[in-house]
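Q: Provided below: model19.cif, containing mmCIF, C-alpha atoms and all ligand atoms.
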```cif
data_data
#
loop_
_atom_site.label_atom_id
_atom_site.label_comp_id
_atom_site.auth_asym_id
_atom_site.auth_seq_id
_atom_site.Cartn_x
_atom_site.Cartn_y
_atom_site.Cartn_z
CA MET A 1 18.37 24.43 1.34
CA SER A 2 20.17 21.31 0.29
CA GLY A 3 20.54 18.19 2.40
CA GLU A 4 18.57 15.01 2.65
CA ILE A 5 14.77 15.31 2.63
CA THR A 6 13.48 13.17 5.48
CA PHE A 7 10.01 12.06 6.57
CA ASP A 8 9.09 11.68 10.26
CA LEU A 9 6.80 8.72 10.87
CA LEU A 10 3.65 9.73 12.76
CA THR A 11 1.49 6.64 12.55
CA SER A 12 -2.23 6.69 13.13
CA ASP A 13 -3.74 5.17 16.27
CA ARG A 14 -7.15 5.11 14.55
CA CYS A 15 -6.49 2.81 11.59
CA VAL A 16 -9.51 1.28 9.91
CA PRO A 17 -10.13 -2.16 11.50
CA ASP A 18 -9.27 -5.21 9.35
CA ALA A 19 -12.89 -6.30 8.81
CA VAL A 20 -14.01 -2.80 7.78
CA ARG A 21 -11.06 -2.46 5.40
CA ALA A 22 -11.85 -5.84 3.86
CA ALA A 23 -15.43 -4.67 3.22
CA MET A 24 -14.18 -1.38 1.73
CA LEU A 25 -11.87 -3.32 -0.60
CA GLU A 26 -14.67 -5.48 -1.97
CA SER A 27 -15.73 -3.00 -4.59
CA PRO A 28 -13.79 0.22 -4.06
CA GLY A 29 -14.58 1.93 -7.40
CA PHE A 30 -11.93 4.41 -8.54
CA GLY A 31 -10.47 7.05 -6.21
CA GLN A 32 -13.22 6.90 -3.61
CA VAL A 33 -11.63 5.04 -0.71
CA PHE A 34 -8.43 6.24 0.98
CA THR A 35 -5.86 4.54 3.20
CA ASP A 36 -4.93 5.32 6.83
CA HIS A 37 -1.97 7.60 6.10
CA MET A 38 -0.65 10.31 3.81
CA ILE A 39 2.68 12.01 3.17
CA THR A 40 3.14 15.76 3.52
CA LEU A 41 6.22 17.88 2.87
CA ARG A 42 6.49 21.65 2.78
CA TRP A 43 8.60 24.08 0.76
CA SER A 44 9.29 27.71 1.46
CA GLN A 45 11.63 30.17 -0.15
CA ASP A 46 13.77 30.52 2.96
CA ARG A 47 13.81 26.89 4.14
CA GLY A 48 13.52 24.87 0.94
CA TRP A 49 11.96 21.40 1.47
CA HIS A 50 11.20 20.76 5.13
CA ASP A 51 8.78 19.21 7.61
CA GLY A 52 8.35 15.91 5.74
CA LYS A 53 5.99 13.50 7.47
CA LEU A 54 4.02 10.35 7.15
CA GLN A 55 0.90 11.17 9.13
CA PRO A 56 -2.71 10.02 9.58
CA TYR A 57 -4.88 10.69 6.50
CA GLY A 58 -7.04 13.73 7.12
CA PRO A 59 -8.24 17.17 6.03
CA LEU A 60 -5.86 20.00 5.17
CA VAL A 61 -6.58 23.35 6.79
CA LEU A 62 -6.12 26.23 4.35
CA ASP A 63 -6.51 29.99 4.71
CA PRO A 64 -9.29 31.15 2.33
CA ALA A 65 -6.71 33.33 0.55
CA THR A 66 -4.46 30.34 -0.24
CA ALA A 67 -3.08 30.82 -3.75
CA VAL A 68 -4.09 27.41 -5.13
CA LEU A 69 -7.77 28.14 -4.41
CA HIS A 70 -7.67 31.21 -6.64
CA TYR A 71 -5.08 30.68 -9.34
CA SER A 72 -4.85 26.86 -9.58
CA GLN A 73 -1.12 26.63 -9.09
CA GLU A 74 -1.28 22.85 -8.69
CA ILE A 75 0.29 19.75 -10.18
CA PHE A 76 -0.30 16.05 -9.66
CA GLU A 77 0.75 12.57 -10.68
CA GLY A 78 -0.92 9.17 -10.88
CA LEU A 79 0.72 5.76 -10.51
CA LYS A 80 -0.14 2.45 -8.91
CA ALA A 81 1.20 -0.08 -6.43
CA TYR A 82 0.49 -3.70 -7.40
CA ARG A 83 0.49 -6.80 -5.22
CA GLN A 84 2.27 -9.34 -7.35
CA GLU A 85 1.20 -12.95 -7.28
CA ALA A 86 4.51 -14.13 -5.79
CA GLY A 87 4.19 -11.71 -2.86
CA PRO A 88 6.09 -8.46 -3.44
CA ILE A 89 4.37 -5.09 -3.66
CA VAL A 90 5.74 -3.05 -6.56
CA THR A 91 5.18 0.15 -8.51
CA PHE A 92 5.70 0.73 -12.22
CA ARG A 93 8.33 3.21 -13.44
CA PRO A 94 7.94 5.64 -10.49
CA GLU A 95 11.04 7.53 -11.61
CA ALA A 96 9.18 8.40 -14.84
CA ASN A 97 6.36 9.92 -12.78
CA ALA A 98 8.96 11.77 -10.69
CA ALA A 99 10.54 13.18 -13.87
CA ARG A 100 7.15 14.27 -15.26
CA PHE A 101 6.27 15.84 -11.89
CA ALA A 102 9.47 17.89 -12.12
CA LYS A 103 8.52 19.02 -15.65
CA SER A 104 5.04 19.95 -14.46
CA ALA A 105 6.60 21.92 -11.59
CA ALA A 106 8.87 23.83 -13.98
CA ARG A 107 5.93 24.74 -16.27
CA MET A 108 3.80 25.89 -13.34
CA ALA A 109 6.68 27.90 -11.77
CA MET A 110 6.78 25.63 -8.73
CA PRO A 111 9.82 24.20 -6.90
CA GLN A 112 11.20 20.91 -8.18
CA LEU A 113 11.08 18.00 -5.78
CA PRO A 114 14.20 15.82 -6.14
CA GLN A 115 13.21 12.58 -7.83
CA ASP A 116 14.59 10.35 -5.07
CA ALA A 117 12.40 12.15 -2.50
CA PHE A 118 9.32 11.64 -4.72
CA VAL A 119 10.02 7.90 -4.96
CA ARG A 120 10.89 7.61 -1.26
CA ALA A 121 7.64 9.32 -0.23
CA ILE A 122 5.73 6.68 -2.22
CA GLU A 123 7.75 3.84 -0.74
CA ILE A 124 7.12 5.06 2.81
CA LEU A 125 3.36 5.46 2.30
CA VAL A 126 2.91 2.11 0.53
CA THR A 127 5.02 0.29 3.11
CA GLN A 128 2.99 1.77 5.97
CA ASP A 129 -0.38 1.11 4.31
CA LYS A 130 0.56 -2.20 2.65
CA ASP A 131 -2.59 -3.92 3.93
CA TRP A 132 -4.57 -1.60 1.65
CA VAL A 133 -2.90 -2.94 -1.50
CA PRO A 134 -5.63 -5.18 -2.93
CA HIS A 135 -5.06 -8.92 -3.35
CA SER A 136 -7.21 -9.07 -6.48
CA THR A 137 -5.42 -8.62 -9.81
CA SER A 138 -8.34 -6.54 -11.06
CA GLN A 139 -7.43 -3.92 -8.43
CA SER A 140 -4.39 -1.98 -7.28
CA LEU A 141 -3.46 0.91 -4.99
CA TYR A 142 -3.71 4.16 -6.96
CA LEU A 143 -1.18 6.72 -5.70
CA ARG A 144 -1.81 10.42 -6.06
CA PRO A 145 1.21 12.68 -5.40
CA PHE A 146 0.34 16.36 -5.74
CA MET A 147 1.64 19.83 -4.94
CA ILE A 148 -0.26 23.04 -4.20
CA ALA A 149 0.70 26.68 -3.72
CA THR A 150 -0.02 27.50 -0.07
CA THR A 151 0.89 31.19 0.23
CA PRO A 152 -2.15 33.14 1.49
CA ALA A 153 -1.94 36.10 -0.90
CA LEU A 154 -4.00 37.24 -3.87
CA GLY A 155 -1.32 39.05 -5.89
CA VAL A 156 -0.66 37.56 -9.29
CA GLY A 157 2.65 39.25 -10.05
CA LYS A 158 4.73 36.19 -9.18
CA PRO A 159 4.39 32.55 -8.19
CA ALA A 160 3.64 31.65 -4.58
CA SER A 161 6.50 31.49 -2.09
CA SER A 162 5.35 28.37 -0.22
CA TYR A 163 4.07 24.97 -1.30
CA LEU A 164 2.76 21.70 0.07
CA PHE A 165 3.65 18.36 -1.52
CA ALA A 166 1.48 15.44 -0.47
CA VAL A 167 0.82 11.82 -1.44
CA ILE A 168 -2.47 10.03 -0.81
CA ALA A 169 -3.37 6.47 -1.77
CA SER A 170 -6.63 4.93 -2.93
CA PRO A 171 -7.33 1.23 -3.44
CA SER A 172 -9.07 1.16 -6.79
CA GLY A 173 -10.70 -1.15 -9.29
CA ALA A 174 -11.62 -0.71 -12.93
CA VAL A 175 -12.26 2.82 -14.19
CA PHE A 176 -14.69 1.85 -16.95
CA THR A 177 -17.12 -0.47 -15.27
CA GLY A 178 -18.91 -3.40 -16.79
CA THR A 179 -18.18 -7.07 -16.90
CA GLY A 180 -14.63 -7.65 -18.08
CA VAL A 181 -13.10 -5.19 -20.52
CA ARG A 182 -15.63 -3.23 -22.54
CA ALA A 183 -15.10 -0.98 -25.53
CA VAL A 184 -15.90 2.68 -24.88
CA SER A 185 -17.71 5.11 -27.17
CA VAL A 186 -16.10 8.48 -27.85
CA TRP A 187 -17.34 11.92 -28.86
CA LEU A 188 -15.21 14.32 -30.94
CA ALA A 189 -15.07 17.51 -28.84
CA GLN A 190 -17.04 20.27 -30.50
CA GLY A 191 -16.39 23.90 -29.57
CA TYR A 192 -13.83 23.04 -26.88
CA THR A 193 -10.09 22.44 -26.94
CA ARG A 194 -8.01 20.90 -24.13
CA ALA A 195 -4.64 22.44 -24.89
CA ALA A 196 -2.87 24.81 -27.26
CA PRO A 197 0.78 25.33 -28.23
CA GLY A 198 2.60 27.06 -25.39
CA GLY A 199 -0.14 26.11 -22.92
CA THR A 200 -0.13 23.48 -20.20
CA GLY A 201 -1.38 20.42 -22.09
CA ALA A 202 1.92 18.56 -21.76
CA VAL A 203 1.91 18.70 -17.97
CA LYS A 204 -0.40 17.41 -15.25
CA THR A 205 -1.99 20.46 -13.70
CA GLY A 206 -5.49 20.50 -12.24
CA GLY A 207 -6.73 23.33 -14.45
CA ASN A 208 -6.46 21.12 -17.55
CA TYR A 209 -9.00 18.78 -15.98
CA ALA A 210 -11.31 21.52 -14.67
CA ALA A 211 -11.41 22.93 -18.19
CA SER A 212 -12.29 19.51 -19.63
CA PHE A 213 -15.46 18.79 -17.69
CA ALA A 214 -17.81 20.78 -19.96
CA ALA A 215 -16.63 18.82 -23.02
CA GLN A 216 -16.83 15.53 -21.11
CA GLN A 217 -20.40 16.45 -20.20
CA GLN A 218 -21.06 17.21 -23.89
CA ALA A 219 -19.83 13.67 -24.68
CA ILE A 220 -22.16 12.16 -22.09
CA ASP A 221 -25.07 14.25 -23.39
CA GLN A 222 -24.34 12.74 -26.80
CA GLY A 223 -24.58 9.25 -25.33
CA CYS A 224 -20.79 8.67 -25.36
CA ASP A 225 -18.44 7.56 -22.57
CA GLN A 226 -15.50 9.86 -23.27
CA VAL A 227 -14.43 12.96 -25.14
CA VAL A 228 -11.70 12.93 -27.83
CA TRP A 229 -9.66 16.13 -28.02
CA LEU A 230 -8.62 17.65 -31.34
CA ASP A 231 -5.84 20.18 -31.93
CA ALA A 232 -6.52 23.83 -31.10
CA ALA A 233 -5.45 25.36 -34.44
CA GLU A 234 -7.24 23.31 -37.10
CA HIS A 235 -9.56 21.23 -34.97
CA ARG A 236 -8.89 18.12 -37.05
CA TRP A 237 -5.78 16.41 -35.62
CA VAL A 238 -6.54 13.80 -32.99
CA GLU A 239 -4.77 14.39 -29.67
CA GLU A 240 -6.09 12.44 -26.68
CA MET A 241 -9.14 10.73 -25.22
CA GLY A 242 -10.21 12.28 -21.91
CA GLY A 243 -7.30 11.56 -19.58
CA MET A 244 -5.70 8.94 -21.82
CA ASN A 245 -3.48 8.69 -24.92
CA LEU A 246 -4.72 6.99 -28.09
CA PHE A 247 -3.28 4.24 -30.31
CA PHE A 248 -4.49 3.17 -33.77
CA VAL A 249 -4.01 -0.45 -34.85
CA TYR A 250 -3.40 -1.01 -38.57
CA GLY A 251 -3.78 -4.47 -40.10
CA SER A 252 -4.17 -7.65 -38.10
CA GLY A 253 -2.44 -10.87 -37.09
CA SER A 254 1.27 -10.92 -37.87
CA ASP A 255 0.88 -7.78 -40.05
CA ALA A 256 -0.50 -5.57 -37.27
CA ARG A 257 1.28 -2.34 -36.37
CA ILE A 258 0.33 0.49 -34.03
CA MET A 259 0.58 4.27 -34.31
CA THR A 260 0.00 7.08 -31.81
CA PRO A 261 -0.14 10.85 -32.34
CA PRO A 262 3.24 12.55 -31.78
CA LEU A 263 3.90 14.67 -28.66
CA THR A 264 3.34 18.08 -30.19
CA GLY A 265 3.47 19.90 -26.85
CA SER A 266 -0.27 19.87 -26.29
CA LEU A 267 -0.52 16.16 -25.41
CA LEU A 268 0.40 14.65 -22.08
CA PRO A 269 3.41 12.32 -22.51
CA GLY A 270 1.75 9.28 -20.93
CA ILE A 271 4.00 6.76 -19.22
CA THR A 272 1.71 3.98 -20.44
CA ARG A 273 2.01 5.40 -23.99
CA GLY A 274 5.81 5.39 -23.74
CA SER A 275 5.79 1.86 -22.33
CA ILE A 276 3.57 0.54 -25.13
CA LEU A 277 5.82 2.12 -27.77
CA ARG A 278 8.68 0.02 -26.37
CA LEU A 279 6.69 -3.09 -25.50
CA ALA A 280 4.86 -3.63 -28.78
CA PRO A 281 8.03 -4.24 -30.84
CA ASP A 282 9.05 -6.92 -28.27
CA LEU A 283 5.87 -8.74 -29.33
CA GLY A 284 6.61 -8.30 -33.04
CA ILE A 285 4.18 -5.37 -33.39
CA PRO A 286 5.94 -2.36 -34.98
CA ALA A 287 5.02 0.88 -33.21
CA GLY A 288 5.48 4.52 -34.19
CA GLU A 289 4.23 8.08 -33.93
CA GLU A 290 2.23 9.76 -36.70
CA PRO A 291 -0.38 12.52 -36.79
CA ILE A 292 -3.89 11.39 -37.68
CA SER A 293 -6.82 13.59 -38.60
CA VAL A 294 -10.47 12.84 -37.95
CA GLU A 295 -11.05 12.32 -41.71
CA GLN A 296 -8.14 9.87 -41.91
CA TRP A 297 -9.45 8.02 -38.87
CA ARG A 298 -12.91 7.65 -40.46
CA ASP A 299 -11.66 6.81 -43.99
CA ARG A 300 -9.08 4.28 -42.81
CA CYS A 301 -11.71 2.52 -40.70
CA ALA A 302 -14.05 2.45 -43.71
CA ALA A 303 -11.24 1.01 -45.86
CA GLY A 304 -10.48 -1.64 -43.22
CA GLU A 305 -6.94 -0.30 -42.74
CA ILE A 306 -7.50 0.70 -39.11
CA THR A 307 -8.78 -2.41 -37.38
CA GLU A 308 -8.72 -1.40 -33.71
CA VAL A 309 -8.27 1.73 -31.60
CA PHE A 310 -7.40 1.83 -27.92
CA ALA A 311 -6.74 4.40 -25.22
CA CYS A 312 -4.07 4.00 -22.55
CA GLY A 313 -3.28 5.47 -19.15
CA THR A 314 -2.38 4.41 -15.64
CA ALA A 315 -5.91 4.39 -14.29
CA ALA A 316 -7.64 2.34 -17.01
CA VAL A 317 -4.50 0.59 -18.41
CA ILE A 318 -5.54 -0.17 -22.01
CA THR A 319 -9.15 0.42 -22.96
CA PRO A 320 -10.63 -0.44 -26.37
CA VAL A 321 -12.50 2.26 -28.30
CA GLY A 322 -15.57 0.77 -30.03
CA THR A 323 -17.35 3.68 -31.68
CA VAL A 324 -16.74 7.32 -32.60
CA LYS A 325 -19.38 10.02 -32.89
CA GLY A 326 -19.11 13.64 -34.00
CA THR A 327 -21.32 16.34 -35.46
CA GLY A 328 -20.91 14.76 -38.91
CA GLY A 329 -22.05 11.29 -37.81
CA GLY A 330 -20.32 8.25 -36.41
CA TRP A 331 -18.47 5.05 -37.23
CA GLN A 332 -17.33 1.84 -35.64
CA MET A 333 -13.92 0.22 -35.14
CA GLY A 334 -14.10 -3.27 -36.69
CA ASP A 335 -16.99 -5.07 -34.99
CA GLY A 336 -17.00 -2.53 -32.13
CA GLN A 337 -15.70 -5.13 -29.67
CA PRO A 338 -12.29 -5.29 -27.92
CA GLY A 339 -9.74 -6.29 -30.57
CA GLN A 340 -6.98 -8.90 -30.44
CA VAL A 341 -3.99 -6.54 -30.58
CA THR A 342 -5.53 -4.31 -27.91
CA MET A 343 -6.15 -7.24 -25.59
CA ARG A 344 -2.72 -8.77 -26.24
CA LEU A 345 -0.97 -5.53 -25.27
CA ARG A 346 -3.23 -5.13 -22.25
CA GLU A 347 -2.42 -8.65 -21.02
CA GLU A 348 1.31 -8.07 -21.60
CA LEU A 349 1.39 -4.80 -19.66
CA LEU A 350 -0.72 -6.12 -16.78
CA GLY A 351 1.38 -9.32 -16.82
CA ILE A 352 4.55 -7.31 -16.24
CA GLN A 353 2.93 -5.13 -13.57
CA PHE A 354 1.47 -8.08 -11.64
CA GLY A 355 4.61 -10.20 -12.04
CA ARG A 356 3.03 -12.90 -14.23
CA LEU A 357 5.43 -12.10 -17.07
CA PRO A 358 9.13 -11.19 -17.20
CA ASP A 359 10.05 -7.50 -16.99
CA PRO A 360 12.64 -7.12 -19.78
CA HIS A 361 12.93 -3.32 -19.44
CA GLY A 362 13.35 -3.19 -15.66
CA TRP A 363 10.18 -1.14 -15.20
CA VAL A 364 8.96 -2.84 -12.04
CA HIS A 365 10.17 -1.13 -8.85
CA LYS A 366 9.95 -3.35 -5.77
CA ILE A 367 8.75 -1.65 -2.59
CA ILE A 368 8.43 -4.58 -0.17
N1 LIG A 401 -3.35 12.04 -20.99
C1 LIG A 401 -3.89 12.70 -19.95
C2 LIG A 401 -4.52 14.04 -20.19
C3 LIG A 401 -3.83 12.16 -18.65
O1 LIG A 401 -4.37 12.79 -17.61
C4 LIG A 401 -3.21 10.89 -18.48
C5 LIG A 401 -3.13 10.24 -17.19
O2 LIG A 401 -2.87 10.68 -16.21
C6 LIG A 401 -2.66 10.24 -19.59
C7 LIG A 401 -2.75 10.85 -20.83
C8 LIG A 401 -1.96 8.94 -19.44
O3 LIG A 401 -0.76 9.08 -18.76
P1 LIG A 401 -0.10 7.89 -17.97
O4 LIG A 401 0.03 6.77 -18.93
O5 LIG A 401 1.21 8.41 -17.52
O6 LIG A 401 -1.02 7.57 -16.85
C1 LIG A 402 -4.94 7.99 -15.92
O1 LIG A 402 -4.22 7.55 -15.05
O2 LIG A 402 -5.06 7.44 -17.01
C2 LIG A 402 -5.74 9.18 -15.68
O3 LIG A 402 -6.33 9.66 -16.57
C3 LIG A 402 -5.79 9.72 -14.36
C4 LIG A 402 -7.00 10.59 -14.15
C5 LIG A 402 -7.77 10.09 -12.98
C6 LIG A 402 -6.57 12.01 -14.02
#
```
Transcribe the structure of this file into C-alpha cells.
Ligand code: PLP
Ligand code: COI

A:
Amino acid sequence: MSGEITFDLLTSDRCVPDAVRAAMLESPGFGQVFTDHMITLRWSQDRGWHDGKLQPYGPLVLDPATAVLHYSQEIFEGLKAYRQEAGPIVTFRPEANAARFAKSAARMAMPQLPQDAFVRAIEILVTQDKDWVPHSTSQSLYLRPFMIATTPALGVGKPASSYLFAVIASPSGAVFTGTGVRAVSVWLAQGYTRAAPGGTGAVKTGGNYAASFAAQQQAIDQGCDQVVWLDAAEHRWVEEMGGMNLFFVYGSGSDARIMTPPLTGSLLPGITRGSILRLAPDLGIPAGEEPISVEQWRDRCAAGEITEVFACGTAAVITPVGTVKGTGGGWQMGDGQPGQVTMRLREELLGIQFGRLPDPHGWVHKII
C-alpha cells in the first residue's frame, strides 16, 4: 500500500480548438467552463492508492448505489493557478490546501492522500492545460480537487471501502460581478445554522454547502447578496459569510487594525484568512483573533470604531461588506463603499499571487 503514487498521462485528442478556447475565456464567469483534462486516482482497502491518471475531462459513471450519492461522504478543496506577469504559472500555498484536505479526510473517515501526491496532481493538470490559465489578471484557473466514496452499498455501519480522488480545473473570473470591486450586502441567518461544535464546519465537505442553500436563498429573498452565519448555541457570535471568512477593520489610516473571529471548530480555517493574519502586520496593520457578537458589530459601527468589514476566500479574494441586515433592522459600514484598508490588503494579496509584489513568506509555488 505504500510506494510512489504515479499518474499515467492519457492526453485528449479532442482538445478545444484555440479560437473556441479564446472565446470561452472572454467572460468565463465562475466555475462554469472546464479545461481539456482531469486527474483521477482511486483508493481501495486492499490496494491503497492506485490507477492515477491524467485523462480527458468527462463524465464519471457511477452505480446508483454509490455511497456518496446517499450519505455525502465527500470532501473538496479550492485553489487557483495564476499566470504571473513575468511568465510563470504559479499556485498559492498548495501545501496548505493539501493539509486541509487531509484534515477533511480524517473528519469524514476517508483515506488521507499524501500531500506530495495532492500537489503533484495539481502540477500535472495545470502543466497539461496551461493554455487555459487566463492571461488577464482579473482571472485565474480555479482548481477543484475532490474525493468521493465510490463503494456501491447502502449500509451505514462503516465508511466506504473505496474512493475516487479527482482534480478538475475551471478558468474563472470575479465571483461577485459588477464593475470593479463592489461591496456586498449581507443577511444575518435567521433560523439556520451552518455548523455546531463537534460537527463538520471546520472541514470542506459538500454537505455543509448543501445545508447552506436555504439560508442563502433567505438572504437573497431579503434583498442581500450573502448570508452571515452565527454560532449554533447562542445565535449571536459572528462566524462566517457564505463560503468566506470575515475581518473587521477598527480605526483608520496608520491606526487601523484588523480582527477576525477565532477558529472555534465550527469555522473553516481559510487559507486566505491565515495569509491575511500574517500579511497585515507586514504592512503595519496589527491583526488578531477575537469573538464578535452581532450587537458588538452594530454598536461599534454606530460608534465609528469599526470602519470597514471584508470577507476573504480563494474564489473572491477579498470582498468588502457594505451593509448588514437582520430581523432587527440593518446598518452600514462607513459609507458602504469599499474601504481603504480592505483595498490595500486586496492589492497586496493579488500582487503577491500575480507576481507584481515580492513574496516574503514563500507562498507562491511555481508550476511552470
Ligand atoms: N469558509 C468557507 C465555508 C469556505 O467554503 C471557504 C472557501 O472555500 C472559506 C471560508 C475560505 O477559505 P480559503 O481562504 O481557504 O479559500
Ligand atoms: C472560496 O474559495 O472562497 C469559496 O468559497 C469556494 C466556494 C466556491 C465553495

Q: Quote the spacing between atom CA of Leu9 of chain A and atom CA of Met110 of chain A in Å to one decimal place.

A: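 Distance reported for this atom pair: 25.9 Å.
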
Q: Using all atoms listed in the file, which residues of the polymer chains come no farther than 9 Å from ligand LIG 402 (chain A)? I'd like the answer as a VMD selection string.

A: chain A and resid 30 to 31 76 to 80 142 175 204 206 209 242 to 245 270 272 311 to 317

Q: Applying 7 Å and all atoms listed in the file, which residues near segment 112-125 of chain A remain after dropping the ones on its own chain fewer than 4 positions away? List them as a ChimeraX atom specification.

A: /A:5,37-39,54,94-95,98-99,102,105-106,129,367

Q: Could you name the residues that touch Asp51 of chain A at 12 Å or less, counting only C-alpha atoms, but leaving out those on the same chain fewer than 5 positions away, as a ChimeraX atom specification?

A: /A:4-10,39-44,163-166

Q: Between A:Asp63, A:Asp282, A:Gly52, A:Gly328, which residue has the minimum interatomic distance to Arg298 of chain A, considering all atoms listed in the file?

A: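 That would be A:Gly328, the residue with the smallest distance to Arg298 of chain A.
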
Q: I'd like the neighbourhood of Asp36 of chain A as a ChimeraX atom specification, where a residue qualifies if any of its atoms comes within 6 Å (using all atoms listed in the file), though same-chain residues fewer than 5 positions away should be ignored.

A: /A:15,56-57

Q: Can you tell me how far atom CA of Thr205 of chain A sits from atom O6 of ligand LIG 401 (chain A), in Å to one decimal?

A: 13.3 Å

Q: Go ahead and compute the interatomic distance for atom CA of Lys103 of chain A and atom CA of Ile75 of chain A, in Å to one decimal.

A: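 So the two atoms, atom CA of Lys103 of chain A and atom CA of Ile75 of chain A, lie 9.9 Å apart.
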
Q: With a distance cut-off of 10 Å and only C-alpha atoms, select the neighbouring residues of Trp297 of chain A, excluding the residue or stretch itself and same-chain residues fewer than 3 positions from it, and output the selection as JSON, numbers by chain.

A: {"A": [237, 238, 248, 292, 293, 294, 300, 301, 302, 305, 306, 309, 324, 331, 333]}

Q: Counting all atoms listed in the file, which residue out of A:Pro286, A:Pro291, A:Gly326, A:Gly198 sits closest to Leu246 of chain A?

A: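 Smallest distance to Leu246 of chain A is found for A:Pro291.
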
Q: My list of candidates is A:Ser27, A:Ser104, A:Ser162, A:Thr35. Which is closest to Gly58 of chain A when distances are computed with all atoms listed in the file?

A: A:Thr35

Q: Between A:Asn97, A:Ser138, A:Gln332, A:Thr307, single out the one closest to Val181 of chain A, counting all atoms listed in the file.

A: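 Nearest to Val181 of chain A: A:Ser138.
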
Q: Anything within 12 Å of (-5.6, 20.6, -21.9): list those residues as a count of residues only, counting only C-alpha atoms and sticking to the file's coordinates.

A: 38

Q: Between A:Ile318, A:Ile368, A:Ala96, A:Ala189, which one has atoms that come closest to Ile271 of chain A, using all atoms listed in the file?

A: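 Under the stated criterion, the closest residue is A:Ala96.
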
Q: Using all atoms listed in the file, can you tell me which of A:Pro281, A:Gly274, A:Gly251, A:Gly304 comes closest to ligand LIG 401 (chain A)?

A: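 Closest candidate: A:Gly274.
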
Q: Hey, what's within 9 Å of Gln226 of chain A if we count all atoms listed in the file and toss same-chain stuff fewer than 5 positions away? As a list in words, please?

A: Val184, Ser185, Val186, Trp187, Leu188, Gln216, Gln217, Ala219, Ile220, Met241 and Gly242 of chain A

Q: Can you put N, CA and C atoms back into segment 332-348 of chain A and show it as an mmCIF file, keeping the file's coordinate frame?

A:
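File rebuild.cif, as written:
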```cif
data_model
loop_
_atom_site.group_PDB
_atom_site.id
_atom_site.type_symbol
_atom_site.label_atom_id
_atom_site.label_comp_id
_atom_site.auth_asym_id
_atom_site.auth_seq_id
_atom_site.Cartn_x
_atom_site.Cartn_y
_atom_site.Cartn_z
ATOM 1 N N GLN A 332 -17.711 2.884 -36.575
ATOM 2 C CA GLN A 332 -17.330 1.840 -35.640
ATOM 3 C C GLN A 332 -15.933 1.304 -35.950
ATOM 4 N N MET A 333 -15.219 0.858 -34.921
ATOM 5 C CA MET A 333 -13.920 0.220 -35.140
ATOM 6 C C MET A 333 -14.183 -1.280 -35.319
ATOM 7 N N GLY A 334 -13.876 -1.834 -36.454
ATOM 8 C CA GLY A 334 -14.100 -3.270 -36.690
ATOM 9 C C GLY A 334 -15.524 -3.639 -36.301
ATOM 10 N N ASP A 335 -15.643 -4.664 -35.424
ATOM 11 C CA ASP A 335 -16.990 -5.070 -34.990
ATOM 12 C C ASP A 335 -17.426 -4.332 -33.720
ATOM 13 N N GLY A 336 -16.636 -3.331 -33.309
ATOM 14 C CA GLY A 336 -17.000 -2.530 -32.130
ATOM 15 C C GLY A 336 -16.647 -3.198 -30.816
ATOM 16 N N GLN A 337 -16.067 -4.393 -30.892
ATOM 17 C CA GLN A 337 -15.700 -5.130 -29.670
ATOM 18 C C GLN A 337 -14.198 -5.016 -29.418
ATOM 19 N N PRO A 338 -13.736 -5.316 -28.191
ATOM 20 C CA PRO A 338 -12.290 -5.290 -27.920
ATOM 21 C C PRO A 338 -11.524 -6.143 -28.921
ATOM 22 N N GLY A 339 -10.486 -5.585 -29.523
ATOM 23 C CA GLY A 339 -9.740 -6.290 -30.570
ATOM 24 C C GLY A 339 -8.580 -7.099 -30.016
ATOM 25 N N GLN A 340 -8.036 -7.966 -30.877
ATOM 26 C CA GLN A 340 -6.980 -8.900 -30.440
ATOM 27 C C GLN A 340 -5.684 -8.216 -30.053
ATOM 28 N N VAL A 341 -5.266 -7.219 -30.860
ATOM 29 C CA VAL A 341 -3.990 -6.540 -30.580
ATOM 30 C C VAL A 341 -4.118 -5.751 -29.279
ATOM 31 N N THR A 342 -5.254 -5.073 -29.135
ATOM 32 C CA THR A 342 -5.530 -4.310 -27.910
ATOM 33 C C THR A 342 -5.433 -5.214 -26.692
ATOM 34 N N MET A 343 -6.100 -6.359 -26.758
ATOM 35 C CA MET A 343 -6.150 -7.240 -25.590
ATOM 36 C C MET A 343 -4.800 -7.902 -25.325
ATOM 37 N N ARG A 344 -4.056 -8.169 -26.397
ATOM 38 C CA ARG A 344 -2.720 -8.770 -26.240
ATOM 39 C C ARG A 344 -1.797 -7.798 -25.493
ATOM 40 N N LEU A 345 -1.827 -6.532 -25.922
ATOM 41 C CA LEU A 345 -0.970 -5.530 -25.270
ATOM 42 C C LEU A 345 -1.410 -5.301 -23.830
ATOM 43 N N ARG A 346 -2.707 -5.308 -23.605
ATOM 44 C CA ARG A 346 -3.230 -5.130 -22.250
ATOM 45 C C ARG A 346 -2.749 -6.263 -21.331
ATOM 46 N N GLU A 347 -2.853 -7.501 -21.827
ATOM 47 C CA GLU A 347 -2.420 -8.650 -21.020
ATOM 48 C C GLU A 347 -0.916 -8.588 -20.749
ATOM 49 N N GLU A 348 -0.149 -8.145 -21.740
ATOM 50 C CA GLU A 348 1.310 -8.070 -21.600
ATOM 51 C C GLU A 348 1.677 -7.048 -20.513
#
```
